[in-house]
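Okay, so here's the structure we're looking at.
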Amino acid sequence: MGSLSIWHWLIVLVVVVLIFGTKKLRNLGTDLGGAVKGFKDGMKTGDEAAQAKAEIAATATGQTIEGEVKKETQSKS
């Protein structure tokens with residue numbers, strides 16, 4: 001009981017090809033590749049849209065705010 005050897009994977013591959021056929025597997029691979037490409041394009045577009053929105057918000061006010069955040073401490077009086 002452990003990981004499967006290369007021979008096990010080859011037998012599984014042969015069975016899958018016999019069941020589904022090469023044409024259906026090729027179509028499945030093409031569809032999967034298109035979905036991954038669409039996802040990447042969507043992520044890139046989403047990042048660009050968020051960056052453009054931030055730039056618009058910064059220029060709409062006409063000012064840039066710079067600063068440093070420090071934790072406020074309370075003194076006992």
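The chains in the structure tokens are called A, B, ... from first to last as shown; in each chain the residues are counted from 1, and the ligands are counted from 1 in the order shown.
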Legend entry - Filtered DSSP result for chain A, state alpha helix (DSSP H), as number ranges by chain: A: 6-20, 22-61
Legend entry - For atom CA of A:Leu28 and atom CA of A:Val16, the interatomic separation in Å (one decimal):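 Atom-to-atom, atom CA of A:Leu28 to atom CA of A:Val16, that is 12.7 Å.
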